[in-house]
Amino acid sequence: MNLCIDRIHAWRTWLAAPLVAGALVACTPAFKAGPLADEVRPSPNYGARRVSLVVIHHTSNGSALPALRTLTNPLSEVSAHYLITREGRIVQLVEEGERAWHAGRSRWGSINDVNSASIGIELDNDGVEPYGEALMAALYRLLADLRARHQLTALAFVGHADVAPGRKVDPSALFPWSDMAQRGFGLWCDAPYPEPAAGFDVALGLQAIGYDLGAPDAAAWSFGLHYGGRLGGLAELDPAHVACVAAAARAAGAP
């Protein structure tokens, strides 16, 4: 318990006094930190699971502090495995082997409970600003480490809006998915796109990528947000664009 108390005293420079009490409850000497974590802030909001996805979020805050308060407050019932600050500091909140509460009601491919199969990463970004160089450099380091240790393919890296279409919009249209894909973290297609096969079905193409078709127009909107297409429903999507990404998903090992 002395180690836990020492941690709480160290956190007082970051967190307000009422939050320290919550952090004390959550603190545990058995926390297994990832090798790239600069800091550990144990959150109580998790359960056990295994990893096959990495879900990217933005905090919607102007600084990391309010996000940390929310993510470590037992009353919020919200958490993530990591938060990366604008300065590029990697803060671990939940052990990778545990089920953080970050994705909510969500689905990707055959995964009905995304929290049970994913690592959640919150980025210190308000949703309307560009993603800074220090933050992205830290994210790429963390993703490379996660990819190696959990044996993930490019298919594993998605945004919150992808797994919760119509409900979430993070990590915003400013997130550099093209650069991510060049590093093997996700898929991407640049125009001009090859002509799709005759009779190509856009909705089935979205489903092949991983999108939930419970709300097809919402899935189409999330596709546009991620892949740089027009933001709209199924009718607004370029079939060739969807077919290109679906083909890339199949090439990467999608069923």
# chains A, B, ... in the order shown; residues from 1 in each chain; ligands from 1

call {"tool": "select_by_dssp", "arguments": {"residues": "range 7-180 of chain A", "states": "helix (DSSP H, G or I)", "output": "ChimeraX atom specification"}}
result
/A:7-11,17-26,64-71,114-117,133-150,154-156,160-163,177-180

call {"tool": "closest_residue", "arguments": {"among": "A:Tyr140, A:Tyr46, A:Tyr211, A:Tyr131", "to": "Arg86 in chain A", "atoms": "only C-alpha atoms"}}
result
A:Tyr131

call {"tool": "residues_around", "arguments": {"residues": "range 95-101 of chain A", "least_positions_apart": "5", "cutoff": "8 Å", "atoms": "only C-alpha atoms", "output": "short mmCIF file (atom, residue, chain, number, x, y, z; two decimals) with all heavy atoms, in the first residue's frame"}}
result
data_model
loop_
_atom_site.label_atom_id
_atom_site.label_comp_id
_atom_site.auth_asym_id
_atom_site.auth_seq_id
_atom_site.Cartn_x
_atom_site.Cartn_y
_atom_site.Cartn_z
N PHE A 31 -0.31 -3.65 -11.24
CA PHE A 31 -0.56 -3.10 -12.58
C PHE A 31 0.58 -3.46 -13.52
O PHE A 31 1.74 -3.21 -13.23
CB PHE A 31 -0.70 -1.58 -12.48
CG PHE A 31 -1.27 -0.92 -13.71
CD1 PHE A 31 -2.59 -0.49 -13.72
CD2 PHE A 31 -0.51 -0.74 -14.85
CE1 PHE A 31 -3.12 0.12 -14.85
CE2 PHE A 31 -1.04 -0.15 -15.98
CZ PHE A 31 -2.35 0.29 -15.98
N LYS A 32 0.25 -4.06 -14.68
CA LYS A 32 1.25 -4.45 -15.67
C LYS A 32 1.30 -3.41 -16.77
O LYS A 32 0.49 -3.43 -17.70
CB LYS A 32 0.91 -5.83 -16.24
CG LYS A 32 0.91 -6.93 -15.20
CD LYS A 32 0.46 -8.26 -15.81
CE LYS A 32 0.39 -9.34 -14.74
NZ LYS A 32 -0.09 -10.63 -15.30
N ALA A 33 2.23 -2.51 -16.68
CA ALA A 33 2.31 -1.41 -17.64
C ALA A 33 2.92 -1.87 -18.95
O ALA A 33 3.77 -2.77 -18.99
CB ALA A 33 3.13 -0.27 -17.05
N GLY A 34 2.49 -1.24 -20.06
CA GLY A 34 3.12 -1.47 -21.35
C GLY A 34 4.51 -0.89 -21.37
O GLY A 34 4.82 0.05 -20.61
N ASN A 45 -12.15 1.35 -14.21
CA ASN A 45 -13.26 1.05 -15.12
C ASN A 45 -12.83 0.06 -16.20
O ASN A 45 -12.50 0.45 -17.32
CB ASN A 45 -13.77 2.35 -15.75
CG ASN A 45 -14.15 3.37 -14.71
OD1 ASN A 45 -14.58 3.03 -13.62
ND2 ASN A 45 -13.97 4.64 -15.02
N TYR A 46 -12.80 -1.23 -15.87
CA TYR A 46 -12.35 -2.23 -16.83
C TYR A 46 -12.80 -3.63 -16.42
O TYR A 46 -13.28 -3.86 -15.31
CB TYR A 46 -10.83 -2.22 -16.98
CG TYR A 46 -10.08 -2.59 -15.72
CD1 TYR A 46 -9.82 -3.92 -15.42
CD2 TYR A 46 -9.64 -1.61 -14.84
CE1 TYR A 46 -9.14 -4.27 -14.26
CE2 TYR A 46 -8.96 -1.96 -13.68
CZ TYR A 46 -8.71 -3.28 -13.40
OH TYR A 46 -8.04 -3.63 -12.26
N GLY A 47 -12.63 -4.60 -17.33
CA GLY A 47 -12.86 -6.01 -17.08
C GLY A 47 -11.97 -6.82 -18.01
O GLY A 47 -11.38 -6.27 -18.94
N ALA A 48 -11.84 -8.13 -17.83
CA ALA A 48 -10.88 -8.95 -18.58
C ALA A 48 -11.34 -9.18 -20.02
O ALA A 48 -12.53 -9.28 -20.30
CB ALA A 48 -10.69 -10.29 -17.88
N ARG A 49 -10.36 -9.28 -20.97
CA ARG A 49 -10.63 -9.57 -22.38
C ARG A 49 -9.33 -9.81 -23.15
O ARG A 49 -8.25 -9.81 -22.56
CB ARG A 49 -11.45 -8.48 -23.00
CG ARG A 49 -10.77 -7.19 -23.48
CD ARG A 49 -9.77 -6.66 -22.60
NE ARG A 49 -8.66 -5.93 -23.07
CZ ARG A 49 -8.29 -5.54 -24.23
NH1 ARG A 49 -8.96 -5.86 -25.29
NH2 ARG A 49 -7.23 -4.86 -24.44
N ARG A 50 -9.38 -10.07 -24.48
CA ARG A 50 -8.20 -10.25 -25.31
C ARG A 50 -8.23 -9.23 -26.46
O ARG A 50 -9.27 -8.63 -26.73
CB ARG A 50 -8.10 -11.67 -25.85
CG ARG A 50 -9.23 -12.08 -26.74
CD ARG A 50 -9.08 -13.54 -27.17
NE ARG A 50 -7.93 -13.72 -28.00
CZ ARG A 50 -7.91 -13.54 -29.32
NH1 ARG A 50 -9.02 -13.12 -29.94
NH2 ARG A 50 -6.83 -13.73 -30.01
N VAL A 51 -7.10 -9.07 -27.17
CA VAL A 51 -6.93 -7.96 -28.11
C VAL A 51 -6.93 -8.43 -29.57
O VAL A 51 -6.17 -9.32 -29.93
CB VAL A 51 -5.60 -7.23 -27.83
CG1 VAL A 51 -5.34 -6.17 -28.88
CG2 VAL A 51 -5.61 -6.64 -26.44
N GLU A 77 -17.46 5.77 -15.27
CA GLU A 77 -17.56 4.49 -15.97
C GLU A 77 -17.08 4.60 -17.42
O GLU A 77 -17.61 3.98 -18.33
CB GLU A 77 -18.98 3.92 -15.90
CG GLU A 77 -19.42 3.62 -14.47
CD GLU A 77 -20.73 2.86 -14.39
OE1 GLU A 77 -21.46 2.80 -15.40
OE2 GLU A 77 -21.02 2.30 -13.32
N VAL A 78 -16.05 5.42 -17.63
CA VAL A 78 -15.41 5.60 -18.93
C VAL A 78 -13.90 5.48 -18.73
O VAL A 78 -13.37 6.01 -17.76
CB VAL A 78 -15.75 6.97 -19.55
CG1 VAL A 78 -14.98 7.17 -20.85
CG2 VAL A 78 -17.24 7.10 -19.79
N SER A 79 -13.24 4.78 -19.64
CA SER A 79 -11.79 4.65 -19.53
C SER A 79 -11.21 4.35 -20.89
O SER A 79 -11.93 4.22 -21.89
CB SER A 79 -11.42 3.54 -18.53
OG SER A 79 -11.95 2.29 -18.95
N ALA A 80 -9.90 4.25 -20.96
CA ALA A 80 -9.18 3.80 -22.15
C ALA A 80 -7.89 3.18 -21.65
O ALA A 80 -7.52 3.36 -20.48
CB ALA A 80 -8.90 4.97 -23.09
N HIS A 81 -7.22 2.46 -22.51
CA HIS A 81 -5.96 1.87 -22.08
C HIS A 81 -4.84 2.91 -22.05
O HIS A 81 -4.01 2.90 -21.15
CB HIS A 81 -5.58 0.72 -23.01
CG HIS A 81 -6.54 -0.43 -22.92
ND1 HIS A 81 -7.67 -0.50 -23.70
CD2 HIS A 81 -6.56 -1.50 -22.11
CE1 HIS A 81 -8.33 -1.59 -23.38
NE2 HIS A 81 -7.69 -2.21 -22.42
N ASN A 115 -15.30 -3.48 -26.92
CA ASN A 115 -14.50 -3.35 -25.71
C ASN A 115 -13.81 -4.65 -25.33
O ASN A 115 -12.70 -4.64 -24.77
CB ASN A 115 -15.36 -2.88 -24.53
CG ASN A 115 -15.67 -1.40 -24.58
OD1 ASN A 115 -15.02 -0.64 -25.27
ND2 ASN A 115 -16.67 -0.99 -23.83
N SER A 116 -14.45 -5.77 -25.61
CA SER A 116 -13.89 -7.07 -25.22
C SER A 116 -12.72 -7.49 -26.10
O SER A 116 -12.02 -8.43 -25.76
CB SER A 116 -14.98 -8.15 -25.28
OG SER A 116 -15.96 -7.93 -24.29
N ALA A 117 -12.53 -6.82 -27.23
CA ALA A 117 -11.52 -7.27 -28.18
C ALA A 117 -10.52 -6.18 -28.56
O ALA A 117 -9.74 -6.38 -29.48
CB ALA A 117 -12.21 -7.77 -29.45
N SER A 118 -10.54 -5.05 -27.87
CA SER A 118 -9.76 -3.91 -28.37
C SER A 118 -8.94 -3.22 -27.30
O SER A 118 -9.21 -3.34 -26.10
CB SER A 118 -10.69 -2.87 -29.01
OG SER A 118 -11.56 -2.32 -28.04
N ILE A 119 -7.96 -2.48 -27.78
CA ILE A 119 -7.23 -1.50 -26.97
C ILE A 119 -7.73 -0.12 -27.39
O ILE A 119 -7.77 0.19 -28.58
CB ILE A 119 -5.72 -1.63 -27.16
CG1 ILE A 119 -5.22 -2.90 -26.46
CG2 ILE A 119 -4.98 -0.40 -26.65
CD1 ILE A 119 -3.75 -3.18 -26.66
N GLY A 120 -8.13 0.69 -26.43
CA GLY A 120 -8.61 2.04 -26.71
C GLY A 120 -7.53 3.07 -26.44
O GLY A 120 -6.89 3.03 -25.39
#

call {"tool": "residues_around", "arguments": {"residues": "Trp221 in chain A", "least_positions_apart": "2", "cutoff": "7 Å", "atoms": "only C-alpha atoms", "output": "list of chain:residue names"}}
result
A:Asp217, A:Ala218, A:Ala219, A:Phe223, A:Gly224, A:Leu225, A:Leu231, A:Gly232, A:Gly233

call {"tool": "write_last_selection", "arguments": {"atoms": "N, CA and C atoms", "output": "PDB file, in the first residue's frame"}}
result
ATOM      1  N   ASP A 217     -26.765   4.224 -43.896  1.00  0.00           N
ATOM      2  CA  ASP A 217     -26.337   5.586 -44.217  1.00  0.00           C
ATOM      3  C   ASP A 217     -25.334   6.110 -43.199  1.00  0.00           C
ATOM      4  N   ALA A 218     -25.493   5.720 -41.942  1.00  0.00           N
ATOM      5  CA  ALA A 218     -24.526   6.114 -40.911  1.00  0.00           C
ATOM      6  C   ALA A 218     -23.181   5.461 -41.183  1.00  0.00           C
ATOM      7  N   ALA A 219     -23.195   4.190 -41.590  1.00  0.00           N
ATOM      8  CA  ALA A 219     -21.949   3.506 -41.936  1.00  0.00           C
ATOM      9  C   ALA A 219     -21.278   4.190 -43.120  1.00  0.00           C
ATOM     10  N   PHE A 223     -17.575   5.920 -43.252  1.00  0.00           N
ATOM     11  CA  PHE A 223     -16.589   5.581 -44.274  1.00  0.00           C
ATOM     12  C   PHE A 223     -15.992   6.860 -44.875  1.00  0.00           C
ATOM     13  N   GLY A 224     -16.859   7.814 -45.204  1.00  0.00           N
ATOM     14  CA  GLY A 224     -16.368   9.071 -45.762  1.00  0.00           C
ATOM     15  C   GLY A 224     -15.464   9.822 -44.807  1.00  0.00           C
ATOM     16  N   LEU A 225     -15.800   9.797 -43.517  1.00  0.00           N
ATOM     17  CA  LEU A 225     -14.983  10.458 -42.500  1.00  0.00           C
ATOM     18  C   LEU A 225     -13.592   9.841 -42.443  1.00  0.00           C
ATOM     19  N   LEU A 231     -19.086  13.082 -47.355  1.00  0.00           N
ATOM     20  CA  LEU A 231     -19.853  12.774 -46.147  1.00  0.00           C
ATOM     21  C   LEU A 231     -21.329  12.761 -46.503  1.00  0.00           C
ATOM     22  N   GLY A 232     -21.921  11.596 -46.493  1.00  0.00           N
ATOM     23  CA  GLY A 232     -23.324  11.444 -46.834  1.00  0.00           C
ATOM     24  C   GLY A 232     -23.741  10.003 -46.693  1.00  0.00           C
ATOM     25  N   GLY A 233     -24.904   9.661 -47.214  1.00  0.00           N
ATOM     26  CA  GLY A 233     -25.418   8.314 -47.136  1.00  0.00           C
ATOM     27  C   GLY A 233     -24.877   7.422 -48.248  1.00  0.00           C
TER      28      GLY A 233
END

call {"tool": "residues_around", "arguments": {"residues": "Tyr193 in chain A", "least_positions_apart": "3", "cutoff": "8 Å", "atoms": "only C-alpha atoms", "output": "number ranges by chain"}}
result
A: 189-190, 240-241, 244

call {"tool": "write_last_selection", "arguments": {"atoms": "N, CA, C and O atoms", "output": "CSV table (one decimal), in the first residue's frame"}}
result
chain,number,residue,atom,x,y,z
A,189,CYS,N,-7.0,4.1,-49.8
A,189,CYS,CA,-7.0,4.0,-51.3
A,189,CYS,C,-6.9,5.5,-51.8
A,189,CYS,O,-7.7,6.3,-51.4
A,190,ASP,N,-6.0,5.7,-52.7
A,190,ASP,CA,-5.9,7.0,-53.4
A,190,ASP,C,-6.6,7.0,-54.8
A,190,ASP,O,-6.5,6.0,-55.5
A,240,ALA,N,-16.6,3.0,-56.6
A,240,ALA,CA,-15.2,2.6,-56.9
A,240,ALA,C,-14.3,2.8,-55.7
A,240,ALA,O,-13.4,2.0,-55.4
A,241,HIS,N,-14.6,3.8,-54.9
A,241,HIS,CA,-13.8,4.0,-53.7
A,241,HIS,C,-14.0,2.9,-52.7
A,241,HIS,O,-13.1,2.4,-52.1
A,244,CYS,N,-12.4,-0.3,-53.8
A,244,CYS,CA,-11.0,-0.3,-53.6
A,244,CYS,C,-10.6,-0.6,-52.2
A,244,CYS,O,-9.7,-1.4,-51.9

call {"tool": "residues_around", "arguments": {"residues": "Gly132 in chain A", "least_positions_apart": "4", "cutoff": "10 Å", "atoms": "only C-alpha atoms", "output": "number ranges by chain"}}
result
A: 85-88, 124-125, 136-137

call {"tool": "select_by_dssp", "arguments": {"residues": "range 82-226 of chain A", "states": "strand (DSSP E)", "output": "ChimeraX atom specification"}}
result
/A:82-84,90-92,98-100,118-123,157-159

call {"tool": "write_last_selection", "arguments": {"atoms": "C-alpha atoms", "output": "PDB file, in the first residue's frame"}}
result
ATOM      1  CA  TYR A  82      -3.841   4.856 -23.099  1.00  0.00           C
ATOM      2  CA  LEU A  83      -4.072   8.619 -23.395  1.00  0.00           C
ATOM      3  CA  ILE A  84      -1.464  10.470 -25.456  1.00  0.00           C
ATOM      4  CA  ILE A  90       1.975   8.249 -23.221  1.00  0.00           C
ATOM      5  CA  VAL A  91      -0.193   7.780 -20.131  1.00  0.00           C
ATOM      6  CA  GLN A  92      -1.422   4.255 -19.443  1.00  0.00           C
ATOM      7  CA  GLU A  98      -8.133  -5.894 -19.210  1.00  0.00           C
ATOM      8  CA  ARG A  99     -11.366  -4.640 -20.783  1.00  0.00           C
ATOM      9  CA  ALA A 100     -11.413  -0.826 -20.722  1.00  0.00           C
ATOM     10  CA  SER A 118      -9.760  -3.912 -28.373  1.00  0.00           C
ATOM     11  CA  ILE A 119      -7.233  -1.500 -26.970  1.00  0.00           C
ATOM     12  CA  GLY A 120      -8.612   2.039 -26.711  1.00  0.00           C
ATOM     13  CA  ILE A 121      -6.325   5.035 -27.256  1.00  0.00           C
ATOM     14  CA  GLU A 122      -7.486   8.556 -26.432  1.00  0.00           C
ATOM     15  CA  LEU A 123      -5.691  11.407 -28.200  1.00  0.00           C
ATOM     16  CA  PHE A 157      -6.600  -0.142 -36.591  1.00  0.00           C
ATOM     17  CA  VAL A 158      -9.903   1.748 -36.694  1.00  0.00           C
ATOM     18  CA  GLY A 159     -11.569   4.880 -35.345  1.00  0.00           C
TER      19      GLY A 159
END

call {"tool": "closest_residue", "arguments": {"among": "A:Arg89, A:Arg107, A:His102, A:Arg69", "to": "Asp170 in chain A", "atoms": "only C-alpha atoms"}}
result
A:His102

call {"tool": "residues_around", "arguments": {"residues": "Gly205 in chain A", "least_positions_apart": "2", "cutoff": "12 Å", "atoms": "only C-alpha atoms", "output": "count of residues only"}}
result
35
